[in-house]
Amino acid sequence: MPVLAILVLIWFVSNVINLLVLIRFTYKNLDIIEDHLSDCEGVVNTRNLWGGGVIGRHMRLSIIFAGMWMPKIMFRRGDFTKNAHLNIPRHLRWRIWAINICLVFKCTCIAVLSYAIKIFK
């Protein structure tokens, strides 16, 4: 059990760090990204709907994540213009991808952790 407790603690600390990184990223870079995507209807509508609170900024970042992950689908839906994701400055695109990869890695860790808990019971 101590190994499992250590894994849970590591997972918890990494999630807190990830949350702090997301909050810092949204407060520092979200407005810059939205300025570069001002011609995208989905970004403008999300900004008007959710506002500037913590949850609102997270929701606004989520639409940008979706536009980065699925640009063709977002274009077909009418939320983004054809190559809008390329309008974001390269250094911010790299940060967005790093955050996305980190989130996918965390989900994988959660799956492994839940499997480990099931086995060690």
# chains A, B, ... in the order shown; residues from 1 in each chain; ligands from 1
>>> residues_around(residues="Val43 (chain A)", least_positions_apart="2", cutoff="10 Å", atoms="only C-alpha atoms", output="ChimeraX atom specification")
/A:33-35,37-41,45-49,60-64,67,79-80
>>> write_last_selection(atoms="C-alpha atoms", output="PDB file, in the first residue's frame")
ATOM      1  CA  ILE A  33      -4.396  34.361 -28.505  1.00  0.00           C
ATOM      2  CA  GLU A  34      -7.960  35.647 -28.797  1.00  0.00           C
ATOM      3  CA  ASP A  35      -6.719  38.814 -30.486  1.00  0.00           C
ATOM      4  CA  LEU A  37      -8.342  34.679 -33.521  1.00  0.00           C
ATOM      5  CA  SER A  38     -10.699  37.662 -33.496  1.00  0.00           C
ATOM      6  CA  ASP A  39     -12.167  36.682 -36.889  1.00  0.00           C
ATOM      7  CA  CYS A  40     -13.301  33.281 -35.572  1.00  0.00           C
ATOM      8  CA  GLU A  41     -16.958  33.203 -34.622  1.00  0.00           C
ATOM      9  CA  ASN A  45     -19.090  33.765 -29.038  1.00  0.00           C
ATOM     10  CA  THR A  46     -17.322  31.828 -26.290  1.00  0.00           C
ATOM     11  CA  ARG A  47     -15.700  35.016 -25.013  1.00  0.00           C
ATOM     12  CA  ASN A  48     -19.041  36.835 -24.921  1.00  0.00           C
ATOM     13  CA  LEU A  49     -20.848  33.911 -23.310  1.00  0.00           C
ATOM     14  CA  ARG A  60     -12.406  30.056 -23.643  1.00  0.00           C
ATOM     15  CA  LEU A  61      -9.134  28.140 -23.605  1.00  0.00           C
ATOM     16  CA  SER A  62     -11.053  24.919 -24.287  1.00  0.00           C
ATOM     17  CA  ILE A  63     -12.438  26.263 -27.573  1.00  0.00           C
ATOM     18  CA  ILE A  64      -8.912  27.239 -28.583  1.00  0.00           C
ATOM     19  CA  GLY A  67      -9.409  24.517 -32.701  1.00  0.00           C
ATOM     20  CA  ASP A  79     -16.369  28.136 -35.369  1.00  0.00           C
ATOM     21  CA  PHE A  80     -12.939  28.783 -36.919  1.00  0.00           C
TER      22      PHE A  80
END
>>> closest_residue(among="A:Gly51, A:Ala98, A:Ile10, A:Gly42", to="Leu22 (chain A)", atoms="only C-alpha atoms")
A:Ala98
>>> atom_distance(atom1="CA of Lys72 (chain A)", atom2="CA of Gly53 (chain A)")
29.0 Å
>>> residues_around(residues="region 24-26 of chain A", least_positions_apart="3", cutoff="8 Å", atoms="only C-alpha atoms", output="list in words")
Leu20, Val21, Asn29, Leu30, Asp31, Arg57, His58 and Leu61 of chain A
>>> residues_around(residues="region 87-93 of chain A", least_positions_apart="2", cutoff="8 Å", atoms="only C-alpha atoms", output="list in words")
Asn29, Ile33, His36, Leu37, Asn83, Ala84, His85, Arg95, Ile96 and Trp97 of chain A
>>> atom_distance(atom1="CA of Cys102 (chain A)", atom2="CA of Arg76 (chain A)")
27.5 Å
>>> closest_residue(among="A:Val3, A:Val8, A:Val13, A:Met68", to="Ile110 (chain A)", atoms="only C-alpha atoms")
A:Val8
>>> select_by_dssp(residues="chain A", states="alpha helix (DSSP H)", output="ChimeraX atom specification")
/A:2-36,41-50,54-69,71-77,90-120
